[in-house]
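Written out below as structure tokens is the structure these notes cover.
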Amino acid sequence: MPELASTQALDTFPRLLFHHAQVRASKTAMREKDLGIWQCWTWLEVAAEVRALACGLAEMGFTRGENLAIVGDNRPRMYMMMAAVQCLGGVPVPLYQDAVANELLFVLLDGEIRFAFVEDQEQVDKVLEIQAQLPHLEHVFYDDARGMRHYTQAFIHDVRELMAMGKIHHRNHPDLLAEAIANGHADDVSVMLYTSGTTGKPKGVRLTHRAFIAAAQGGVDFDDLTDSEDILSYLPMAWVGDHLFSYAQAMLAGFTINCPESAETVMNDLREIGPTYYFAPPRVFENLLTQVMIRMEDASRIKQKMFHYFMAVARRCGAEILDRRPVGLADRLRYALGRKLVYGPLKNVLGMSRIRVAYTAGAAIGPDLFRFYRSIGINLKQLYGQTETCAYVCLQPDGQIKFDSVGRPAPGVEVRIAENGEILVKGAMLLKEYYRRPDATAEAINTDGYFMTGDAGLFDDDGHLKIIDRAKDVGKLANGAMYAPNYIENKLKFFQHIKEAVVFGDRRTMVCAFVNIDIGAVGNWAERRGIAYSGYTDLAAKPEVYGLIEECIEQVNRELVGEGVLGDSQIHRFLILHKELDPDDDELTRTRKVRRNFVAEKYAVLIEALYAGRQSQFIETAVKFEDGRQGKVAADLVIRDVRTFPLARKAA
């Protein structure tokens, strides 16, 4: 194991890793559930595997500055390979594991990938599908050997063979790894993460050790994180949030990364691990709450009454008790009883009994959803950041949580609001550059060194930042009133029955909406009412379902009345789409953000029908199935008008 000089700064991830291997050698660094059993690696064992991987790569000809692609679910060896690449001065490039072959093709070409490390046969097959179009690709290593015994291509290797080669190489060249780590610099690029490509082709964001360590240090200090934390690492490794929470902060603080067995077992694994530190996008918190509400609808009447009574108590005072604010004795006693009967068991079911700090980011979270979790005693907070800022711009301090803000500028970060309302940020956590895109780098960072986020926002009187929308998406209705589509969509998506929403209205006389129902929540609702259906398209067309969604939209319209300049953005007409918006159909990014322009173009006939006053519209849409087949889904979509509410105009 490389010995670190006592004077050597811990300013790169390899130095941090081998420091932990020295000072907390026997502490668990990573866990993975395999065949129902948790497998553990200590920091010393992780360092040994990283050394073998790095030396094996060196033997295969991997050189400083090269990019290496990593594709697969969260697995300890995936994180170890990331560290091994960094040891040699290379750049790991994690890709979304559910990306189809053509999506991988763009990144593998753009990143000039010679070496790739993939999880299993599924990912190998994707690479083989596009291999003829990859002139740079020379070696593909796989982790899971199941199903791989019949593959005879010489460039496909079992990672265990690479590690065996690395151990021999290390014996023959015992100083190589230590020298490679010593030659590393804090300003070297530590990772390249590709943007989601919401508005165009993805860009490779090159981030340095210094940037990610600064972001990790800021978060660790802010929330008093220690090496005793446990985090469940289940979000895509290609997402900046996972890289900050499950890699950078774990490498800095020395806490434990826990990888679930599969996407299907995440909830069970979450309950078994009982993490103390948790991170998830709003969609995950929405889905968890939806599951809770579905279970409650199937519970006995007594349990339902008890649940709703104590949830009313929690809404009234739970968040205040969590923030240690004054609450009357009677409510404190009711809340204590509720903790015993409802909140405690509920947190246990959610796997959140031990959570000290939980964060959400990636999209706005509905205030009611936010309040629900805090009201039952979960210290859920919002953060604001982007891929280009290591997911680190604003954090919410304990005791200063506002449901409609993302907190104050994080330690070491400067935030300004430009004249056009765009949020500008500066700090050590900024990207070094976009890969092979000097034009895009110059456009993103202004002459004063501020990164232009593309988000529109404002500071409230307490210095908390509020995000309104993407700056490019903020528009005006025909009457000149402000129109912020993402703000409205997030209000709609709070409802458990609405999975996705896309609204339209820029320069138009009114706002109209597309809605995707949540098949689980609405299906359960329909079954309990004896409403038979054959699938998503059939269920979405039911008059009863239209009535259910209409009630949700009317409630949003009532709320918008009190939203000042956004009061004119009430939804006048809507339809329920006949299919779910899907990344495989290019309607969503892999991080499940709507490709608004693509959707508007693809469904232009529906938008025209909404604004032409029609009561229905036929549409036939091409779709891609999971097995690669293509087909079409056709339907006559009903269009409904929704009740709107008059605005309270101020007297002159």
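Labels used: A, B, ... for chains in the order of the structure tokens, numbers from 1 for residues in each chain, and numbers from 1 for ligands as shown.
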
Next item on the list: Compile the contact shell of Glu122 of chain A as a PyMOL selection string: residues with an atom at most 12 Å away, counting only C-alpha atoms, same-chain residues fewer than 3 positions apart removed.
Entry: chain A and resi 71-73+97-101+118-119+125-129+142-148+627

Next item on the list: Pick out each residue of segment 428-529 of chain A that DSSP on the backbone tags as strand (DSSP E or B); I need them as a PyMOL selection string.
Entry: chain A and resi 433-434+445+451-459+465-470+475-476+482-483+498-504+511-517

Next item on the list: Would you mind listing what lies within 7 Å of Thr387 of chain A as a PyMOL selection string, with only C-alpha atoms counted and same-chain residues fewer than 4 positions away left out?
Entry: chain A and resi 195+240+391

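Ranking A:Lys499, A:Arg301, A:Arg75, A:Arg595 by their shortest atom-to-atom distance to Cys259 of chain A, with only C-alpha atoms included, puts A:Arg75 first.
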
Check: Which residues, written as a ChimeraX atom specification, have at least one atom at most 9 Å from segment 501-513 of chain A, with only C-alpha atoms counted and residues fewer than 2 positions away on the same chain left out?
Finding: /A:473-480,482-486,488-490,492-493,498-499,515-517,568-576,594,596,599-600,607,610-611

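Excluding Glu414 of chain A itself and any same-chain residue fewer than 2 positions from it, the protein and nucleic acid residues within 10 Å of it, counting only C-alpha atoms, are Val393, Cys394, Pro409, Ala410, Pro411, Gly412, Arg416, Leu424, Val425, Lys426, Gly427, Ala428 and Tyr450 of chain A.
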
What does the file look like for those residues with N, CA and C atoms, as a short mmCIF file (atom, residue, chain, number, x, y, z; two decimals), in the first residue's frame?
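What ended up in again24.cif:
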data_model
loop_
_atom_site.label_atom_id
_atom_site.label_comp_id
_atom_site.auth_asym_id
_atom_site.auth_seq_id
_atom_site.Cartn_x
_atom_site.Cartn_y
_atom_site.Cartn_z
N VAL A 393 -24.33 24.73 -4.31
CA VAL A 393 -24.48 26.18 -4.41
C VAL A 393 -25.16 26.72 -3.15
N CYS A 394 -26.34 26.16 -2.81
CA CYS A 394 -27.08 26.61 -1.63
C CYS A 394 -27.45 25.42 -0.74
N PRO A 409 -26.58 30.76 0.33
CA PRO A 409 -25.35 30.33 -0.35
C PRO A 409 -24.50 29.48 0.58
N ALA A 410 -24.02 28.35 0.08
CA ALA A 410 -23.21 27.42 0.87
C ALA A 410 -21.86 28.05 1.20
N PRO A 411 -21.19 27.58 2.25
CA PRO A 411 -19.87 28.12 2.60
C PRO A 411 -18.92 28.11 1.40
N GLY A 412 -18.29 29.25 1.15
CA GLY A 412 -17.34 29.35 0.06
C GLY A 412 -17.94 29.65 -1.29
N ARG A 416 -25.04 35.67 -7.05
CA ARG A 416 -25.59 36.95 -7.46
C ARG A 416 -26.80 36.70 -8.36
N LEU A 424 -26.24 33.68 -10.81
CA LEU A 424 -24.83 33.58 -11.14
C LEU A 424 -24.07 33.11 -9.90
N VAL A 425 -23.13 32.17 -10.06
CA VAL A 425 -22.42 31.63 -8.91
C VAL A 425 -20.92 31.58 -9.18
N LYS A 426 -20.16 31.69 -8.08
CA LYS A 426 -18.70 31.63 -8.17
C LYS A 426 -18.17 30.90 -6.94
N GLY A 427 -17.10 30.13 -7.11
CA GLY A 427 -16.49 29.42 -5.98
C GLY A 427 -15.55 28.34 -6.46
N ALA A 428 -14.89 27.70 -5.53
CA ALA A 428 -13.91 26.66 -5.86
C ALA A 428 -14.55 25.44 -6.50
N TYR A 450 -18.09 34.29 -12.98
CA TYR A 450 -19.33 33.69 -12.46
C TYR A 450 -19.90 32.71 -13.48
#

Next item on the list: Give me the residues within 12 Å of Gly535 of chain A as a count of residues only, counting only C-alpha atoms and dropping any in the same chain fewer than 6 places off.
Entry: 13

Next item on the list: Go through A:Arg629, A:Lys466, A:Arg77, A:Arg171 and flag the residue nearest Glu32 of chain A, using only C-alpha atoms for the distances.
Entry: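 Between A:Arg629, A:Lys466, A:Arg77, A:Arg171, the residue approaching Glu32 of chain A most closely is A:Arg77.
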
All residues 8 Å or closer to Phe117 of chain A, only C-alpha atoms, same chain fewer than 5 positions away omitted, as a compact mmCIF listing (two decimals) with N, CA, C and O atoms, in the first residue's frame:
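So around_3.txt came out as:
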# COMPACT_ATOMS: atom_id res chain seq x y z
N LEU A 68 -11.89 6.88 -18.98
CA LEU A 68 -12.34 5.49 -18.90
C LEU A 68 -13.82 5.49 -18.55
O LEU A 68 -14.24 6.09 -17.56
N ALA A 69 -14.64 4.83 -19.37
CA ALA A 69 -16.09 4.80 -19.16
C ALA A 69 -16.46 3.75 -18.11
O ALA A 69 -15.88 2.67 -18.06
N ILE A 70 -17.44 4.09 -17.27
CA ILE A 70 -17.96 3.18 -16.24
C ILE A 70 -19.47 3.11 -16.41
O ILE A 70 -20.16 4.14 -16.35
N VAL A 71 -20.00 1.89 -16.64
CA VAL A 71 -21.43 1.75 -16.91
C VAL A 71 -21.99 0.61 -16.06
O VAL A 71 -21.56 -0.54 -16.20
N MET A 78 -17.43 -0.69 -8.89
CA MET A 78 -17.57 0.47 -9.78
C MET A 78 -16.91 1.70 -9.15
O MET A 78 -16.18 2.44 -9.81
N MET A 81 -13.13 1.19 -9.17
CA MET A 81 -12.54 1.47 -10.48
C MET A 81 -12.40 2.98 -10.68
O MET A 81 -11.40 3.46 -11.25
N VAL A 140 -12.76 -3.82 -22.98
CA VAL A 140 -13.97 -3.75 -22.16
C VAL A 140 -13.82 -4.77 -21.03
O VAL A 140 -13.60 -5.96 -21.28
N PHE A 141 -13.91 -4.31 -19.79
CA PHE A 141 -13.84 -5.17 -18.61
C PHE A 141 -15.24 -5.30 -18.02
O PHE A 141 -16.01 -4.33 -18.01
N TYR A 142 -15.58 -6.48 -17.53
CA TYR A 142 -16.89 -6.67 -16.91
C TYR A 142 -16.71 -7.17 -15.49
O TYR A 142 -15.72 -7.84 -15.16
N ASP A 143 -17.70 -6.85 -14.63
CA ASP A 143 -17.63 -7.22 -13.22
C ASP A 143 -18.38 -8.52 -12.94
O ASP A 143 -17.87 -9.43 -12.29
